[in-house]
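The data block below is protein_7.csv; it holds CSV, C-alpha atoms.
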```csv
chain,number,residue,atom,x,y,z
A,1,MET,CA,41.1,-98.9,255.9
A,2,ARG,CA,40.7,-99.5,252.2
A,3,LYS,CA,43.6,-98.8,249.9
A,4,PRO,CA,43.1,-95.2,248.6
A,5,LEU,CA,42.7,-94.6,244.9
A,6,LEU,CA,46.0,-93.0,243.6
A,7,PRO,CA,45.3,-89.9,241.5
A,8,ARG,CA,46.2,-90.1,237.9
A,9,GLN,CA,49.4,-88.3,237.0
A,10,ASP,CA,48.5,-84.9,235.5
A,11,ALA,CA,49.7,-83.7,232.1
A,12,LEU,CA,52.2,-81.2,233.5
A,13,TRP,CA,54.2,-83.6,235.6
A,14,TRP,CA,57.3,-82.9,233.6
A,15,TRP,CA,57.3,-79.2,234.5
A,16,ARG,CA,58.1,-79.9,238.2
A,17,HIS,CA,61.6,-81.1,238.1
A,18,PRO,CA,64.6,-79.8,236.1
A,19,ALA,CA,65.6,-83.3,234.9
A,20,TYR,CA,62.1,-83.9,233.6
A,21,ARG,CA,62.1,-80.5,231.9
A,22,ARG,CA,65.4,-81.4,230.2
A,23,TYR,CA,63.9,-84.7,229.1
A,24,MET,CA,60.8,-83.0,227.6
A,25,LEU,CA,63.0,-80.4,225.8
A,26,ARG,CA,65.0,-83.3,224.3
A,27,GLU,CA,61.8,-85.0,223.1
A,28,ALA,CA,60.5,-81.7,221.8
A,29,THR,CA,63.5,-81.4,219.5
A,30,ALA,CA,61.6,-83.8,217.2
A,31,LEU,CA,59.0,-81.2,216.3
A,32,PRO,CA,61.2,-78.5,214.5
A,33,LEU,CA,63.2,-81.3,213.0
A,34,PHE,CA,60.1,-83.0,211.5
A,35,LEU,CA,59.0,-79.7,210.0
A,36,TYR,CA,62.5,-79.0,208.7
A,37,ALA,CA,62.6,-82.5,207.0
A,38,LEU,CA,59.2,-81.6,205.4
A,39,CYS,CA,60.8,-78.5,204.0
A,40,LEU,CA,63.7,-80.5,202.5
A,41,LEU,CA,61.2,-83.1,201.0
A,42,TYR,CA,59.4,-80.2,199.4
A,43,GLY,CA,62.8,-79.0,198.1
A,44,VAL,CA,63.4,-82.4,196.5
A,45,ARG,CA,60.1,-82.2,194.7
A,46,GLU,CA,60.8,-78.6,193.5
A,47,LEU,CA,64.3,-79.6,192.4
A,48,GLY,CA,62.7,-82.1,190.0
A,49,ARG,CA,60.3,-79.5,188.6
A,50,GLY,CA,63.0,-77.4,187.0
A,51,GLU,CA,65.0,-74.3,187.7
A,52,THR,CA,62.1,-71.8,188.3
A,53,ALA,CA,60.5,-74.1,190.8
A,54,PHE,CA,63.8,-74.6,192.6
A,55,ASN,CA,64.5,-70.9,192.8
A,56,ALA,CA,61.0,-70.4,194.2
A,57,TRP,CA,61.9,-73.1,196.9
A,58,LEU,CA,65.1,-71.2,197.7
A,59,ALA,CA,63.0,-68.0,198.2
A,60,PHE,CA,60.6,-70.0,200.4
A,61,MET,CA,63.6,-71.2,202.5
A,62,GLY,CA,64.5,-67.5,202.8
A,63,SER,CA,61.1,-66.3,204.0
A,64,PRO,CA,61.1,-65.1,207.6
A,65,LEU,CA,58.9,-67.9,209.1
A,66,ILE,CA,61.1,-70.6,207.5
A,67,ILE,CA,64.3,-68.8,208.7
A,68,VAL,CA,62.9,-68.9,212.2
A,69,LEU,CA,62.1,-72.6,211.7
A,70,GLN,CA,65.6,-73.4,210.5
A,71,ALA,CA,67.1,-71.5,213.4
A,72,LEU,CA,65.0,-73.5,215.8
A,73,ALA,CA,65.9,-76.7,213.9
A,74,LEU,CA,69.6,-75.8,214.3
A,75,LEU,CA,69.3,-75.3,218.1
A,76,ALA,CA,67.1,-78.5,218.3
A,77,VAL,CA,69.5,-80.7,216.4
A,78,LEU,CA,72.5,-79.4,218.4
A,79,TRP,CA,70.7,-80.2,221.7
A,80,HIS,CA,69.6,-83.6,220.2
A,81,ALA,CA,73.2,-84.4,219.3
A,82,TRP,CA,74.6,-83.3,222.7
A,83,THR,CA,72.0,-85.4,224.6
A,84,TRP,CA,72.4,-88.3,222.1
A,85,PHE,CA,76.1,-88.6,222.6
A,86,GLN,CA,75.7,-88.3,226.4
A,87,LEU,CA,73.7,-91.5,226.3
A,88,VAL,CA,76.1,-93.5,224.2
A,89,PRO,CA,77.9,-95.1,227.1
A,90,LYS,CA,74.6,-96.5,228.4
A,91,ILE,CA,74.0,-98.3,225.1
A,92,LEU,CA,77.5,-99.1,223.9
A,93,VAL,CA,79.6,-101.0,226.4
A,94,ILE,CA,83.0,-102.2,225.2
A,95,PRO,CA,84.5,-104.8,227.6
A,96,THR,CA,88.3,-104.7,228.2
A,97,ARG,CA,90.5,-107.1,230.1
A,98,ASN,CA,89.6,-105.3,233.4
A,99,GLY,CA,86.3,-103.5,233.1
A,100,SER,CA,85.1,-101.6,230.1
A,101,VAL,CA,86.1,-98.6,228.0
A,102,PRO,CA,85.3,-95.4,230.1
A,103,GLY,CA,82.1,-93.6,229.1
A,104,GLN,CA,83.9,-90.3,228.7
A,105,TRP,CA,86.1,-91.7,226.0
A,106,LEU,CA,83.1,-93.1,224.1
A,107,ARG,CA,81.4,-89.7,224.3
A,108,LEU,CA,84.5,-87.9,223.0
A,109,ALA,CA,84.9,-90.5,220.3
A,110,HIS,CA,81.5,-89.6,219.0
A,111,LEU,CA,81.5,-85.9,219.7
A,112,LEU,CA,84.8,-85.0,218.1
A,113,PRO,CA,84.2,-86.5,214.7
A,114,ALA,CA,80.6,-85.1,214.8
A,115,VAL,CA,81.9,-81.5,215.5
A,116,LEU,CA,84.3,-82.1,212.6
A,117,CYS,CA,81.4,-83.0,210.3
A,118,TRP,CA,79.4,-79.9,211.5
A,119,VAL,CA,82.2,-77.6,210.6
A,120,LEU,CA,83.7,-79.2,207.5
A,121,LEU,CA,80.6,-80.2,205.6
A,122,PRO,CA,79.1,-76.7,205.3
A,123,LEU,CA,82.6,-75.4,204.3
A,124,LEU,CA,82.8,-78.1,201.7
A,125,ALA,CA,79.3,-77.2,200.4
A,126,TRP,CA,80.3,-73.5,200.4
A,127,TRP,CA,83.5,-74.3,198.4
A,128,ALA,CA,81.8,-76.7,195.9
A,129,LEU,CA,78.8,-74.5,195.2
A,130,GLY,CA,80.9,-71.4,195.2
A,131,HIS,CA,83.0,-73.0,192.4
A,132,VAL,CA,79.9,-73.9,190.5
A,133,VAL,CA,78.4,-70.4,190.7
A,134,GLY,CA,81.3,-68.0,190.4
A,135,GLY,CA,83.8,-70.1,188.5
A,136,ALA,CA,86.1,-69.2,191.4
A,137,ALA,CA,84.5,-67.9,194.6
B,1,MET,CA,46.4,-122.5,218.2
B,2,ASN,CA,48.5,-119.4,218.0
B,3,ARG,CA,46.2,-117.7,220.5
B,4,SER,CA,48.5,-118.3,223.3
B,5,LEU,CA,51.4,-116.5,221.6
B,6,PRO,CA,51.8,-113.0,222.8
B,7,ARG,CA,51.2,-110.2,220.3
B,8,ARG,CA,54.4,-109.1,218.7
B,9,SER,CA,55.4,-105.6,219.5
B,10,GLN,CA,56.5,-103.2,216.7
B,11,GLU,CA,58.8,-101.4,219.2
B,12,PRO,CA,62.1,-103.1,218.1
B,13,VAL,CA,61.5,-102.0,214.5
B,14,ALA,CA,60.4,-98.6,215.5
B,15,TRP,CA,63.3,-98.2,217.9
B,16,SER,CA,65.9,-99.4,215.3
B,17,LEU,CA,64.7,-96.7,212.8
B,18,PHE,CA,64.6,-94.2,215.7
B,19,GLY,CA,68.2,-95.0,216.7
B,20,ALA,CA,69.5,-95.0,213.1
B,21,GLY,CA,67.8,-91.6,212.5
B,22,GLY,CA,69.1,-90.2,215.8
B,23,MET,CA,72.7,-91.2,215.0
B,24,LEU,CA,72.5,-89.8,211.4
B,25,LEU,CA,70.9,-86.5,212.7
B,26,ALA,CA,73.5,-86.1,215.4
B,27,PHE,CA,76.4,-86.4,212.9
B,28,LEU,CA,74.9,-84.7,209.8
B,29,GLY,CA,71.9,-82.6,211.1
B,30,PRO,CA,73.8,-79.5,212.2
B,31,ALA,CA,75.8,-79.4,209.0
B,32,LEU,CA,72.6,-79.8,206.9
B,33,VAL,CA,70.8,-77.0,208.6
B,34,ALA,CA,73.8,-74.8,208.4
B,35,ILE,CA,74.0,-75.4,204.7
B,36,THR,CA,70.3,-74.5,204.0
B,37,LEU,CA,70.3,-71.6,206.5
B,38,LEU,CA,73.7,-70.1,205.9
B,39,VAL,CA,75.4,-71.4,202.8
B,40,LEU,CA,72.6,-71.4,200.2
B,41,PRO,CA,71.5,-67.8,200.9
B,42,ALA,CA,75.2,-66.6,200.9
B,43,LEU,CA,75.9,-67.8,197.4
B,44,PRO,CA,76.3,-65.0,194.9
B,45,ALA,CA,72.9,-64.3,193.4
B,46,GLY,CA,72.1,-64.3,189.7
B,47,ASP,CA,73.2,-67.8,188.8
B,48,GLY,CA,70.5,-69.9,190.1
B,49,ALA,CA,70.7,-72.2,187.1
B,50,SER,CA,74.1,-73.6,188.0
B,51,VAL,CA,73.2,-74.2,191.7
B,52,HIS,CA,70.1,-76.0,190.5
B,53,ALA,CA,72.2,-78.1,188.1
B,54,ALA,CA,74.8,-78.9,190.7
B,55,ILE,CA,72.3,-80.1,193.4
B,56,LEU,CA,70.4,-82.0,190.7
B,57,ALA,CA,73.6,-83.8,189.6
B,58,ALA,CA,74.5,-84.5,193.3
B,59,LEU,CA,71.1,-86.1,194.0
B,60,ARG,CA,71.0,-87.9,190.6
B,61,HIS,CA,74.2,-89.7,191.6
B,62,PRO,CA,73.3,-93.1,193.2
B,63,LEU,CA,75.3,-92.3,196.3
B,64,GLY,CA,73.9,-88.8,196.7
B,65,GLY,CA,70.4,-90.0,196.1
B,66,LEU,CA,70.7,-92.9,198.6
B,67,LEU,CA,72.2,-90.5,201.2
B,68,ALA,CA,69.4,-88.0,200.7
B,69,PHE,CA,66.8,-90.8,200.9
B,70,PHE,CA,68.2,-92.2,204.2
B,71,ALA,CA,68.6,-88.6,205.6
B,72,LEU,CA,64.9,-87.9,204.9
B,73,ALA,CA,63.4,-91.3,205.8
B,74,LEU,CA,65.3,-91.9,209.0
B,75,THR,CA,64.6,-88.3,210.1
B,76,PHE,CA,60.9,-88.9,209.6
B,77,PHE,CA,61.0,-92.2,211.5
B,78,HIS,CA,63.2,-90.7,214.3
B,79,THR,CA,61.0,-87.6,214.9
B,80,VAL,CA,57.7,-89.4,214.5
B,81,HIS,CA,58.8,-92.0,217.2
B,82,ARG,CA,59.6,-89.2,219.6
B,83,LEU,CA,56.4,-87.3,218.8
B,84,CYS,CA,54.3,-90.5,219.4
B,85,HIS,CA,56.0,-91.1,222.7
B,86,GLY,CA,55.6,-87.4,223.6
B,87,LEU,CA,51.9,-87.6,223.1
B,88,HIS,CA,51.8,-90.5,225.5
B,89,ASP,CA,54.0,-88.6,228.0
B,90,LEU,CA,51.6,-85.6,227.9
B,91,HIS,CA,48.7,-88.0,228.5
B,92,VAL,CA,46.9,-87.1,225.3
B,93,PRO,CA,43.8,-89.3,225.5
B,94,LEU,CA,44.4,-91.3,222.2
B,95,SER,CA,45.0,-95.0,222.0
B,96,ALA,CA,48.7,-96.0,221.5
B,97,ARG,CA,47.6,-98.2,218.6
B,98,LEU,CA,45.9,-95.3,216.8
B,99,VAL,CA,48.9,-92.9,217.4
B,100,GLY,CA,51.3,-95.6,216.2
B,101,TRP,CA,49.3,-96.3,213.0
B,102,LEU,CA,49.0,-92.6,212.2
B,103,GLY,CA,52.6,-91.7,213.2
B,104,TYR,CA,54.5,-94.5,211.6
B,105,GLY,CA,52.0,-94.5,208.7
B,106,THR,CA,52.8,-90.9,208.0
B,107,ALA,CA,56.6,-91.6,208.2
B,108,THR,CA,56.2,-94.5,205.8
B,109,LEU,CA,54.2,-92.4,203.4
B,110,LEU,CA,56.6,-89.5,203.5
B,111,SER,CA,59.6,-91.8,202.9
B,112,LEU,CA,57.8,-93.3,199.9
B,113,LEU,CA,57.3,-89.8,198.5
B,114,ALA,CA,61.0,-89.1,199.1
B,115,ALA,CA,61.9,-92.3,197.2
B,116,VAL,CA,59.6,-91.5,194.3
B,117,TRP,CA,60.7,-87.9,193.9
B,118,LEU,CA,64.4,-88.8,194.3
B,119,LEU,CA,64.1,-91.6,191.7
B,120,GLY,CA,62.2,-89.2,189.4
B,121,LEU,CA,65.0,-86.6,189.3
```

Translate the structure of the given file into structure tokens.
Amino acid sequence: MRKPLLPRQDALWWWRHPAYRRYMLREATALPLFLYALCLLYGVRELGRGETAFNAWLAFMGSPLIIVLQALALLAVLWHAWTWFQLVPKILVIPTRNGSVPGQWLRLAHLLPAVLCWVLLPLLAWWALGHVVGGAA
Amino acid sequence: MNRSLPRRSQEPVAWSLFGAGGMLLAFLGPALVAITLLVLPALPAGDGASVHAAILAALRHPLGGLLAFFALALTFFHTVHRLCHGLHDLHVPLSARLVGWLGYGTATLLSLLAAVWLLGL
């Protein structure tokens, strides 16, 4: 009997297993993040065009569609960060005298400072911009 | 003479930029989105001029500008890398060469725009 022709993998292969679906979800985080980065790039341009243009950009960032995009981007970047740090021990292996630094420690050593950044940087921005706007806010 | 040499892959360069962008996004991304989604709208209205001046000053500072440039450029390269591979995973019938040129070309162009606009502030 001749060797049968193997059918080509169909485009929905990733839907059939939870692990594949999680993989696709992780890859899909790139789409809202790309669009969000475009919004920021647009903001840089408007910033250079003066106060009126910048205020128009602020209003643009407050429009319903862009609010939804930012909410999606926030969920996407959190999922990206979580999956990214889960993979750290596969890429970063630190040898010790007997074995290597446990993966769980490496994950924590990334996740803890990251969470600190996520909480402290917005608070810092709130504090700094509040000072600028209200004199004391 | 060089015909026997294998064609060099762009993957190491693409992956380095992807990795750098991924790390930067994992640390700073949530904070950045929280700032534009929650902090900027929550500022007391009526004094747009001082917010504009403050952000302008931050990005005119060499460190601020450099950070903004890397945040934008590496995010573009990171996301484009994933989107290109995603098209391949979904079996979109486009050649990898074409997708690569379009994708990384777009990321390069957008990064150049970011550099020009940041330097012009």

Give the residues of chain B that lie within 9 Å of chain A; count only C-alpha atoms, and format the answer as a ChimeraX atom specification.
/B:22-23,25-56,59,71-73,75-76,78-83,85-86,89-92,110,113-114,117-118,120-121

Work out how far atom CA of B:Leu74 is from atom CA of A:Leu25, in Å to one decimal.
20.5 Å

Rounded to one decimal in Å, what is the spacing between atom CA of B:Ala107 and atom CA of B:Phe77?
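Atom CA of B:Ala107 sits 5.5 Å away from atom CA of B:Phe77.
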
What is the distance, in Å and to one decimal place, between atom CA of B:Leu109 and atom CA of B:Phe70?
14.0 Å

Tell me which of B:Leu5, B:Ala14, B:Leu119, B:Thr108 sits closest to B:Gly64, counting only C-alpha atoms.
B:Leu119

Identify which of the residues B:Ala58, B:Ala115, B:Gln10, B:Phe69 lies closest to B:Ala96, counting all atoms listed in the file when measuring atom-to-atom distances.
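Among the listed residues, the smallest separation from B:Ala96 belongs to B:Gln10.
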
When you look at stretch 89-97 of chain A with a cut-off of 10 Å (counting only C-alpha atoms), what residues show up, excluding the ones that are within fewer than 6 positions of it in the same chain? I need them as a list in words.
Gly103, Gln104, Trp105, Leu106 and Arg107 of chain A
